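Okay, data.csv is below, CSV, C-alpha atoms and all ligand atoms:
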```csv
chain,number,residue,atom,x,y,z
W,1115,MET,CA,-12.2,53.6,56.1
W,1116,GLY,CA,-8.6,53.3,54.7
W,1117,THR,CA,-9.2,49.7,53.6
W,1118,TYR,CA,-12.3,50.8,51.8
W,1119,PHE,CA,-10.5,53.4,49.6
W,1120,LYS,CA,-7.5,51.0,49.2
W,1121,ASN,CA,-9.9,48.3,47.7
W,1122,ILE,CA,-11.4,50.9,45.3
W,1123,TRP,CA,-7.9,51.9,44.1
W,1124,GLU,CA,-6.8,48.3,43.6
W,1125,GLY,CA,-10.0,47.7,41.5
W,1126,ILE,CA,-9.3,50.7,39.3
W,1127,TRP,CA,-5.6,49.8,39.0
W,1128,THR,CA,-6.4,46.3,37.9
W,1129,VAL,CA,-8.8,47.5,35.2
W,1130,LEU,CA,-6.2,49.9,33.9
W,1131,VAL,CA,-3.5,47.2,33.7
W,1132,GLY,CA,-6.0,44.9,31.8
W,1133,MET,CA,-6.9,47.7,29.4
W,1134,LYS,CA,-3.2,48.5,28.8
W,1135,ILE,CA,-2.7,44.9,27.6
W,1136,THR,CA,-5.9,45.1,25.5
W,1137,TRP,CA,-4.9,48.3,23.8
W,1138,SER,CA,-1.4,47.1,23.1
W,1139,HIS,CA,-2.8,44.1,21.1
W,1140,LEU,CA,-4.9,46.5,19.0
W,1141,PHE,CA,-1.8,47.7,17.3
W,1142,THR,CA,0.2,44.5,16.9
W,1143,PRO,CA,-0.2,42.4,13.6
W,1144,ALA,CA,-2.6,39.4,13.9
W,1145,VAL,CA,-0.9,36.0,14.1
W,1146,THR,CA,-4.1,34.0,13.4
W,1147,ILE,CA,-6.3,33.9,10.3
W,1148,GLN,CA,-10.0,33.6,10.0
W,1149,TYR,CA,-10.1,30.0,8.9
W,1150,PRO,CA,-12.0,28.7,6.9
W,1151,ASP,CA,-12.8,32.1,5.3
W,1152,VAL,CA,-9.1,32.8,5.0
W,1153,LYS,CA,-6.6,30.0,4.2
W,1154,LEU,CA,-2.9,30.0,4.3
W,1155,LYS,CA,-1.0,29.3,1.1
W,1156,LEU,CA,0.4,25.8,1.2
W,1157,PRO,CA,4.1,25.0,0.4
W,1158,GLU,CA,4.6,23.7,-3.1
W,1159,ARG,CA,5.4,20.2,-2.0
W,1160,ALA,CA,2.8,19.9,0.8
W,1161,ARG,CA,1.4,16.3,1.3
W,1162,ASN,CA,-2.3,16.1,1.5
W,1163,ARG,CA,-5.0,13.9,0.0
W,1164,LEU,CA,-3.9,11.5,-2.7
W,1165,TYR,CA,-5.3,11.3,-6.2
W,1166,VAL,CA,-5.0,8.5,-8.8
W,1167,ASN,CA,-5.6,9.1,-12.5
W,1168,MET,CA,-7.0,5.7,-13.5
W,1169,ASP,CA,-6.5,6.4,-17.2
W,1170,ASP,CA,-2.8,6.0,-16.6
W,1171,CYS,CA,-2.7,3.2,-14.0
W,1172,ILE,CA,-1.3,-0.1,-15.3
W,1173,GLY,CA,-2.1,-2.0,-12.1
W,1174,CYS,CA,1.6,-2.7,-11.4
W,1175,ASP,CA,1.1,-2.6,-7.6
W,1176,GLN,CA,4.3,-0.7,-7.0
W,1177,CYS,CA,2.5,2.0,-4.9
W,1178,ALA,CA,0.8,-0.6,-2.7
W,1179,MET,CA,4.1,-2.4,-2.1
W,1180,ALA,CA,5.7,0.9,-1.0
W,1181,CYS,CA,3.0,1.8,1.4
W,1182,PRO,CA,4.2,1.2,5.0
W,1183,VAL,CA,0.6,1.0,6.4
W,1184,ASP,CA,-1.0,-1.1,3.7
W,1185,CYS,CA,-3.8,1.4,3.0
W,1186,ILE,CA,-3.7,0.8,-0.8
W,1187,THR,CA,-5.7,-2.2,-2.1
W,1188,ILE,CA,-5.4,-3.0,-5.8
W,1189,GLU,CA,-7.0,-5.9,-7.7
W,1190,THR,CA,-6.2,-6.6,-11.3
W,1191,LEU,CA,-7.6,-8.7,-14.1
W,1192,LYS,CA,-5.8,-10.0,-17.2
W,1193,SER,CA,-7.2,-8.9,-20.5
W,1194,THR,CA,-7.5,-11.3,-23.4
W,1195,PRO,CA,-5.2,-10.8,-26.4
W,1196,ASP,CA,-7.9,-9.4,-28.6
W,1197,VAL,CA,-8.5,-6.5,-26.2
W,1198,ASP,CA,-6.5,-3.3,-26.6
W,1199,LEU,CA,-6.6,-1.3,-23.3
W,1200,GLY,CA,-4.6,1.5,-24.9
W,1201,LEU,CA,-1.5,3.4,-23.8
W,1202,THR,CA,-0.9,5.6,-20.8
W,1203,SER,CA,0.0,9.3,-21.2
W,1204,VAL,CA,3.7,8.3,-20.9
W,1205,GLY,CA,3.4,5.6,-23.7
W,1206,THR,CA,3.2,2.5,-21.5
W,1207,LYS,CA,1.0,-0.3,-22.9
W,1208,LYS,CA,-1.9,-1.2,-20.5
W,1209,ARG,CA,-2.3,-5.0,-20.2
W,1210,LEU,CA,-4.4,-5.3,-17.1
W,1211,TYR,CA,-7.8,-4.2,-16.0
W,1212,VAL,CA,-7.9,-2.6,-12.6
W,1213,PRO,CA,-11.3,-3.4,-11.2
W,1214,ARG,CA,-10.3,-2.2,-7.7
W,1215,PHE,CA,-8.1,0.6,-6.5
W,1216,ASP,CA,-8.9,1.7,-3.0
W,1217,ILE,CA,-7.0,4.0,-0.7
W,1218,ASP,CA,-8.1,4.1,3.0
W,1219,ILE,CA,-7.1,7.7,3.7
W,1220,ALA,CA,-8.0,7.3,7.4
W,1221,LYS,CA,-4.9,5.0,7.7
W,1222,CYS,CA,-2.7,7.1,5.4
W,1223,CYS,CA,0.2,8.9,7.2
W,1224,TYR,CA,0.9,11.1,4.2
W,1225,CYS,CA,4.5,9.8,4.0
W,1226,GLY,CA,4.4,10.1,0.2
W,1227,LEU,CA,6.3,6.8,-0.4
W,1228,CYS,CA,3.7,5.6,-2.8
W,1229,VAL,CA,4.3,8.4,-5.3
W,1230,PRO,CA,7.9,8.0,-6.5
W,1231,PRO,CA,7.7,4.3,-7.5
W,1232,CYS,CA,4.8,4.8,-9.9
W,1233,PRO,CA,6.1,4.2,-13.4
W,1234,THR,CA,3.3,6.3,-15.0
W,1235,GLU,CA,3.2,9.1,-12.4
W,1236,CYS,CA,-0.5,8.7,-12.0
W,1237,ILE,CA,-0.7,8.7,-8.2
W,1238,LYS,CA,0.1,12.0,-6.7
W,1239,MET,CA,-0.5,14.3,-3.7
W,1240,THR,CA,-3.0,17.1,-4.1
W,1241,ASP,CA,-3.4,20.3,-2.1
W,1242,VAL,CA,-6.8,19.1,-0.7
W,1243,TYR,CA,-6.7,18.9,3.1
W,1244,GLU,CA,-10.4,19.4,4.0
W,1245,PHE,CA,-12.1,16.0,3.8
W,1246,SER,CA,-13.4,15.2,7.2
W,1247,GLU,CA,-16.3,12.8,7.4
W,1248,TYR,CA,-18.8,11.6,10.0
W,1249,GLU,CA,-18.5,8.0,8.8
W,1250,ARG,CA,-15.1,6.3,8.7
W,1251,ASN,CA,-16.0,4.2,5.7
W,1252,ASN,CA,-16.4,7.4,3.7
W,1253,LEU,CA,-12.7,7.9,4.0
W,1254,ILE,CA,-12.0,4.8,1.8
W,1255,TYR,CA,-11.6,6.4,-1.7
W,1256,ARG,CA,-12.4,4.1,-4.5
W,1257,TYR,CA,-10.7,5.2,-7.7
W,1258,ALA,CA,-11.5,2.3,-10.0
W,1259,THR,CA,-13.7,3.3,-12.9
W,1260,MET,CA,-15.0,-0.1,-14.0
W,1261,THR,CA,-18.6,-0.9,-13.4
W,1262,PRO,CA,-19.7,-4.3,-11.9
W,1263,ALA,CA,-21.1,-5.2,-15.3
W,1264,GLU,CA,-17.8,-4.5,-17.0
W,1265,ILE,CA,-15.9,-6.5,-14.4
W,1266,ASP,CA,-18.2,-9.4,-14.8
W,1267,ALA,CA,-17.9,-9.3,-18.6
W,1268,ALA,CA,-14.1,-9.1,-18.5
W,1269,LYS,CA,-14.0,-12.1,-16.0
W,1270,THR,CA,-16.3,-14.1,-18.2
W,1271,LYS,CA,-14.3,-13.4,-21.3
W,1272,LEU,CA,-11.0,-14.3,-19.6
W,1273,ALA,CA,-12.4,-17.6,-18.2
W,1274,ALA,CA,-13.6,-18.5,-21.8
W,1275,TYR,CA,-10.2,-17.7,-23.2
W,1276,GLU,CA,-8.4,-19.7,-20.6
W,1277,LYS,CA,-10.7,-22.7,-21.2
W,1278,GLU,CA,-10.1,-22.5,-24.9
W,1279,GLN,CA,-6.4,-22.4,-24.4
W,1280,ALA,CA,-6.5,-25.4,-22.0
W,1281,ALA,CA,-8.5,-27.3,-24.6
W,1282,LYS,CA,-6.1,-26.5,-27.4
W,1283,LYS,CA,-3.2,-27.6,-25.1
W,1284,ALA,CA,-4.9,-30.9,-24.3
W,1285,ALA,CA,-5.7,-31.6,-28.0
W,1286,ALA,CA,-2.1,-30.9,-29.1
W,1287,PRO,CA,-0.1,-34.1,-29.9
W,1288,PRO,CA,2.4,-34.9,-27.2
W,1289,LYS,CA,5.9,-33.8,-27.9
W,1290,PRO,CA,8.5,-36.6,-28.3
W,1291,ALA,CA,10.3,-37.1,-25.0
W,1292,THR,CA,13.8,-35.7,-25.1
W,1293,PRO,CA,16.2,-38.0,-23.3
W,1294,ALA,CA,17.5,-36.4,-20.2
W,1295,PRO,CA,21.3,-36.0,-20.1
W,1296,ALA,CA,23.0,-38.6,-18.0
W,1297,ARG,CA,24.0,-37.3,-14.6
W,1298,VAL,CA,27.7,-37.4,-14.1
W,1299,PRO,CA,29.0,-37.8,-10.5
W,1300,VAL,CA,31.1,-35.0,-9.2
W,1301,GLY,CA,34.7,-35.6,-10.0
W,1302,ALA,CA,34.0,-38.5,-12.5
W,1303,LYS,CA,35.4,-38.3,-16.0
W,1304,PRO,CA,32.6,-37.9,-18.6
W,1305,ALA,CA,32.1,-41.1,-20.7
W,1306,GLY,CA,33.2,-41.0,-24.3
W,1307,VAL,CA,35.6,-38.1,-23.9
W,1308,PRO,CA,39.1,-39.3,-24.7
W,1309,VAL,CA,41.5,-38.3,-22.1
W,1310,ALA,CA,44.7,-36.9,-23.6
W,1311,LYS,CA,47.8,-38.5,-22.4
W,1312,PRO,CA,50.7,-36.3,-21.7
W,1313,ALA,CA,53.3,-36.4,-24.4
W,1314,SER,CA,56.2,-38.6,-23.5
W,1315,SER,CA,59.2,-36.6,-22.6
W,1316,PRO,CA,62.4,-37.3,-24.6
W,1317,ALA,CA,65.0,-39.5,-23.0
W,1318,PRO,CA,67.7,-37.5,-21.3
W,1319,THR,CA,70.8,-37.1,-23.4
W,1320,PRO,CA,73.9,-38.6,-21.6
W,1321,VAL,CA,76.4,-36.0,-20.7
W,1322,ASP,CA,80.1,-36.9,-20.8
W,1323,PRO,CA,81.8,-36.6,-17.4
W,1324,PRO,CA,84.6,-34.0,-17.3
W,1325,GLU,CA,88.0,-35.5,-18.2
W,1326,ASN,CA,90.5,-36.2,-15.5
W,1327,PRO,CA,93.3,-33.6,-16.1
W,1328,GLU,CA,96.0,-36.3,-15.0
W,1329,ASN,CA,95.0,-38.4,-18.1
W,1330,LYS,CA,96.1,-35.6,-20.4
W,1331,SER,CA,99.6,-36.2,-21.3
W,1401,LIG,S1,1.2,8.5,1.5
W,1401,LIG,FE1,2.2,6.8,2.6
W,1401,LIG,S2,0.7,6.0,4.0
W,1401,LIG,FE2,-0.4,7.2,2.4
W,1401,LIG,S3,-1.0,5.8,0.8
W,1401,LIG,FE3,1.0,6.7,0.2
W,1401,LIG,S4,2.6,5.3,1.0
W,1401,LIG,FE4,0.6,4.8,2.1
W,1402,LIG,S1,2.3,2.5,-9.1
W,1402,LIG,FE1,1.1,3.8,-10.4
W,1402,LIG,S2,0.6,2.5,-12.2
W,1402,LIG,FE2,1.3,1.1,-10.6
W,1402,LIG,S3,-0.6,0.4,-9.6
W,1402,LIG,FE3,0.1,2.2,-8.4
W,1402,LIG,S4,-0.9,4.0,-9.3
W,1402,LIG,FE4,-1.1,2.3,-10.8
```
Starting from the file, lay out its structure as structure tokens.
Ligand code: SF4
Ligand code: SF4
Amino acid sequence: MGTYFKNIWEGIWTVLVGMKITWSHLFTPAVTIQYPDVKLKLPERARNRLYVNMDDCIGCDQCAMACPVDCITIETLKSTPDVDLGLTSVGTKKRLYVPRFDIDIAKCCYCGLCVPPCPTECIKMTDVYEFSEYERNNLIYRYATMTPAEIDAAKTKLAAYEKEQAAKKAAAPPKPATPAPARVPVGAKPAGVPVAKPASSPAPTPVDPPENPENKS
């Protein structure tokens, strides 16, 4: 009989202890947020998804060279002299087309090393951190804005220009050969250069020996 009432008391006591903990948490401030309905404010310099403003990109490849995991792939194409690609927002003249600018954000470790070397400040970290995908290939961001037709047209034009330049070079009269300067062995005196002789030193003037004092008389 005693064990019966003891078990009942232990059951009630356990419930009371549990309820005490539950009630104490009702009056403490929450340490979690209701993500994604509520989002924390990010620090000012948080590193998240990258963005590239292709209007300012000059295709210099500095960002790709700085990347420690090689997740930036850039391809460039020379423009012909008659094409004006314009200026960037910082006044740098654009001379190259950029038909490909891919960032594989699945490989990116958000180190931020690609941002400082950019001379036109067109690659930067954003505050976007929600970009999960079901397909891994969807995490390769393609920033280039040229269409395949534009790329083909630029390539065709460049090939024609280079062909024309090569034809002009081939048709130009050969330049007269300039005689190569004779090679002078190390330590040898160059031919035709007079070697100055050292000026002859004057003959020593004879000095009279001191007189013998005994001869003085
Ligand atoms: S943040 Fe780092 S890893 Fe990501 S693209 Fe830039 S350099 Fe590469
Ligand atoms: S460093 Fe800047 S300008 Fe140069 S290729 Fe990268 S994004 Fe373009």
Find the residues near Ser1203 of chain W: any atom within 10 Å, counting only C-alpha atoms, skip ones fewer than 3 places away on the same chain, and give them as a list in words.
->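 That gives Asp1169, Asp1170, Cys1171, Gly1200, Thr1206, Lys1207, Thr1234, Glu1235 and Cys1236 of chain W.
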For ligand LIG 1401 (chain W), list the contacting residues at 8 Å or closer, counting all atoms listed in the file, as an NGL selection string.
-> :W and (1161 or 1164 or 1177-1178 or 1180-1186 or 1217-1219 or 1221-1229 or 1239)
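Nearest residue to Arg1209 of chain W among W:Ile1265, W:Ala1281, W:Val1197, W:Ala1144 is W:Val1197, counting only C-alpha atoms.
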At a cut-off of 8 Å from (4.0, 18.2, -1.5) in the coordinates of the file, what residues are picked up using all atoms listed in the file, written as a PyMOL selection string?
-> chain W and resi 1157-1162+1239-1241
Figure out the distance between atom CA of Asn1167 of chain W and atom CA of Ile1237 of chain W, please, to one decimal in Å.
->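 Between atom CA of Ile1237 of chain W and atom CA of Asn1167 of chain W the gap is 6.5 Å.
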How many Å separate atom CA of Tyr1248 of chain W from atom CA of Lys1153 of chain W?
-> 22.8 Å
Padding of 5 Å on every side, edges along x, y and z, all listed atoms of ligand LIG 1402 (chain W) included: what centre and edge lengths in Å, to one decimal, does that box have, as lines of an AutoDock Vina configuration file?
```
center_x = 0.6
center_y = 2.2
center_z = -10.3
size_x = 13.4
size_y = 13.6
size_z = 13.8
```
Given only C-alpha atoms as the counted atoms, nearest of W:Leu1130, W:Ile1122, W:Leu1140, W:Leu1156 to Tyr1243 of chain W =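 For Tyr1243 of chain W, the nearest of the given residues is W:Leu1156.
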Which is closer to ligand LIG 1402 (chain W) than all the others in W:Leu1154, W:Val1145, W:Ile1188, W:Leu1199, using all atoms listed in the file?
-> W:Ile1188
